[in-house]
Each structure stands twice: as structure tokens, then as C-alpha cells.
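Trainee: Please find one structure pasted underneath; my questions will follow.
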Amino acid sequence: MTTVALTIAGSDPSGGAGIQADLKAFSALGAYGMSVITALTAQSTQGVDSVLAIDPTFVAEQFNTLYHDIKIDSVKIGMLMNKEIVTTVYHLLNNNPIANIVLDTVMIAKGGHSLLKPEAVSAIRELLLPLATVITPNIPEAATLLDCEEAKDEDQMQLQGHELLKLGCKAVLMKGGHLPSQESPDYLITPMQTIRIVSPRIQTKNTHGTGCTLSAAIAALLPKHCLEDAIHQAKDYLQGAITHADDLKIGNGIGPTHH
Ligand code: PLP
């Protein structure tokens, strides 16, 4: 059976992040990909110039049209921009259950442009977190969700992962890429176990869309694998992409990680 994966996220016309990266990851991992667009961005490898949020009723219309025709096996949620869109996506997924929900708590692009208004953070925390099979915050995003200081070491990362779990998601993948260590440690935290997943840090500036790609890869794999296997395979896929990122030579800024 074909896995059908849906991304609910923002568009990156440069093709490295957002909807475009998600569809590439779905496809590379054997899932049939579909998209509901929440926001348009004008951006290149040099950064985000501007953002246009889609009307929440039209976000709902895109989803409902698909949902009534096509059985969706998994969803990846990315950039949601504002509280109205967060609330709309909550109602859509609460009323139309989908088995696997990967919530990428996207907040700020690497270049510093906001992809989520600060007043929408509480709606993500209170409405969407409890629906998620797994959330994939990096260290700054975890701190924003918990309204606390950023984790400075792996012990603090684990503690914050457990605090996030208490907010109602089934699992947390805490991404440690912001730690100043040689390795890039992630922690998969579920009520049953804590698993350290470590990948060597690869020296490249071309990391645009790594977070989008990882969460989309997990969504592509979850319908056919247990969470731990899906995350390991998704990390391997991303690691392979980052390893070859410098071969791509797209643009003059922070280039994409994969084709
Ligand atoms: N644009 C969109 C639409 C995104 O969803 C994201 C990340 O989620 C970005 C840009 C930023 O990507 P990065 O921070 O990897 O450059």
C-alpha cells in the first residue's frame, strides 16, 4: 500500500525548505506527497524577504477537499505563521483524525526572519502539542514552548524534553544541533524511554531546510515503521543529504541540503 503523506506548511520558492523540501523528502522515502499551504514566502538562499499568510478558511478548504477524497496516512505540520492558522489546523486535525502527526515547531528561519508570530506560541502549545505523535523542537524552540532558558547541555535537553512530554504529545525529538559540541546529539523521549541519537557534525554552511526535511522524512516513514525506527531512518536520510550538501552549489547564501 502506498503511504500518503501530507505537509501542512509554508512555501519556500527557493526549494530548500518548507513545502518544497517536504515533498522532496516524501518522494525520496517512497511516500506519495500532498500539501496544504499555510503561507507564501518570498525567499532565496540569502533569507526570507517577506511572508504572506493564507486566509485560514482557505487553509481549511485545501485540507477538507483532500480529506474527503484521499486517505491520509501521516501529516507533517510546519510553518503556521499565526494564531488563526494554528487554531484552524487544530480543528481540522481534531475533527478529522489522522494516525501519525509530526509537529515541527517552526518559529524562526536561520536568517532570523519570524515564521510564527509570538502570540501563536501558546496556541501551538495548548492545541497542537496534545495531538502530536511526535514533536521535533530544536533548543531555542523548546525553550520558547516552555518559556524557560535554552538548554546548555544534554542533561538540560533531556529535562526539557520530559517537560514537553507533560504537555500532552506522545513523544519528543529534542534536536541538539545548537549545542556547541562536536557531535550533534538528539534525544527521543517517550513516556517509556529516552534514547540518545548521535550523528557526527558535518561542516557545511548549506543547511537550509534541515529541520523541514527531518520532520517530513519522519512523517513519510511513520506509517510503516515504529517511531524509533522511523526517526533513525529519517536521521540517516538527512545525514546523507547534509554530507552531500556542498555538491549542490545553489545560490550565494545558505544553500539547500538536498535535491
Ligand atoms: N521557509 C519555510 C517556509 C520554512 O518552513 C522554513 C523552516 O521551517 C524555513 C523557511 C527556514 O528554513 P531554515 O531555517 O532551515 O533556513
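Chain labels follow the order of the C-alpha cells: the first chain is A, the next B, and so on; residue numbering restarts at 1 in every chain, and ligands are counted from 1 in their shown order.
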Please check which protein, DNA or RNA residues sit within 10 Å of ligand 1, counting only C-alpha atoms and all ligand atoms, and write them as number ranges by chain.

Mentor: A: 8-22, 37-48, 51, 77-81, 104-116, 206-213, 215, 254-257

Trainee: May I have the residues within 6 Å of Pro185 of chain A as a list in words, using only C-alpha atoms and disregarding those fewer than 3 positions away in the same chain?

Mentor: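 Once the adjacent positions are removed, what remains is Gly176, Ile197 and Val198 of chain A.
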
Trainee: So the first atom is atom CA of Gly30 of chain A and the second is atom CA of Leu6 of chain A; what is the distance between them in Å, to one decimal place?

Mentor: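 It comes out at 13.1 Å.
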
Trainee: Just checking: using only C-alpha atoms, which residue out of A:Lys166, A:Lys76, A:Lys152, A:Lys83 ends up closest to Leu222 of chain A?

Mentor: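 So, comparing all the options, the nearest one is A:Lys76.
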
Trainee: Enumerate as number ranges by chain all residues of segment 44-95 of chain A assigned to helix (DSSP H, G or I) by DSSP on the backbone, naming them with the chain letters and numbers the document uses.

Mentor: A: 56-67, 83-95

Trainee: Taking only C-alpha atoms into account, name the residue in A:Asn100, A:Asn252, A:Thr7, A:Gln182 that is nearest to Ala25 of chain A.

Mentor: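 Of A:Asn100, A:Asn252, A:Thr7, A:Gln182, the one nearest Ala25 of chain A, counting only C-alpha atoms, is A:Thr7.
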
Trainee: Quick one: residues within 10 Å of His91 of chain A, only C-alpha atoms, excluding same-chain residues fewer than 6 positions away - as a PyMOL selection string?

Mentor: chain A and resi 60+85+127-128

Trainee: How would the residues just chosen look if you wrote them out with C-alpha atoms as an mmCIF file, in the first residue's frame?

Mentor:
data_model
loop_
_atom_site.group_PDB
_atom_site.id
_atom_site.type_symbol
_atom_site.label_atom_id
_atom_site.label_comp_id
_atom_site.auth_asym_id
_atom_site.auth_seq_id
_atom_site.Cartn_x
_atom_site.Cartn_y
_atom_site.Cartn_z
ATOM 1 C CA ALA A 60 -9.303 24.621 5.774
ATOM 2 C CA ILE A 85 -3.988 29.273 11.233
ATOM 3 C CA LEU A 127 -3.893 22.967 20.955
ATOM 4 C CA LEU A 128 -1.461 21.204 18.630
#

Trainee: When you look at Ile189 of chain A with a cut-off of 7 Å (counting only C-alpha atoms), what residues show up, excluding the ones that are within fewer than 3 positions of it in the same chain? I need them as a PyMOL selection string.

Mentor: chain A and resi 161-162+171-173+193-195

Trainee: Kindly export the residues of the current selection with N, CA and C atoms, as a JSON list (two decimals), in the first residue's frame.

Mentor:
[["chain", "number", "residue", "atom", "x", "y", "z"],
["A", 161, "GLY", "N", 12.88, 17.99, 27.44],
["A", 161, "GLY", "CA", 12.10, 17.02, 26.65],
["A", 161, "GLY", "C", 11.00, 16.40, 27.50],
["A", 162, "HIS", "N", 11.34, 16.07, 28.75],
["A", 162, "HIS", "CA", 10.32, 15.48, 29.64],
["A", 162, "HIS", "C", 9.24, 16.50, 29.99],
["A", 171, "ALA", "N", 5.47, 11.86, 22.04],
["A", 171, "ALA", "CA", 6.93, 11.74, 22.05],
["A", 171, "ALA", "C", 7.54, 13.08, 21.66],
["A", 172, "VAL", "N", 8.80, 13.26, 22.09],
["A", 172, "VAL", "CA", 9.54, 14.49, 21.76],
["A", 172, "VAL", "C", 10.87, 14.08, 21.15],
["A", 173, "LEU", "N", 11.20, 14.66, 20.01],
["A", 173, "LEU", "CA", 12.56, 14.52, 19.49],
["A", 173, "LEU", "C", 13.24, 15.87, 19.71],
["A", 193, "GLN", "N", 10.77, 5.57, 27.42],
["A", 193, "GLN", "CA", 12.23, 5.53, 27.28],
["A", 193, "GLN", "C", 12.82, 6.85, 26.78],
["A", 194, "THR", "N", 14.13, 6.98, 27.00],
["A", 194, "THR", "CA", 14.91, 8.11, 26.49],
["A", 194, "THR", "C", 16.04, 7.54, 25.65],
["A", 195, "ILE", "N", 16.10, 7.92, 24.39],
["A", 195, "ILE", "CA", 17.12, 7.35, 23.50],
["A", 195, "ILE", "C", 17.99, 8.48, 22.96]]
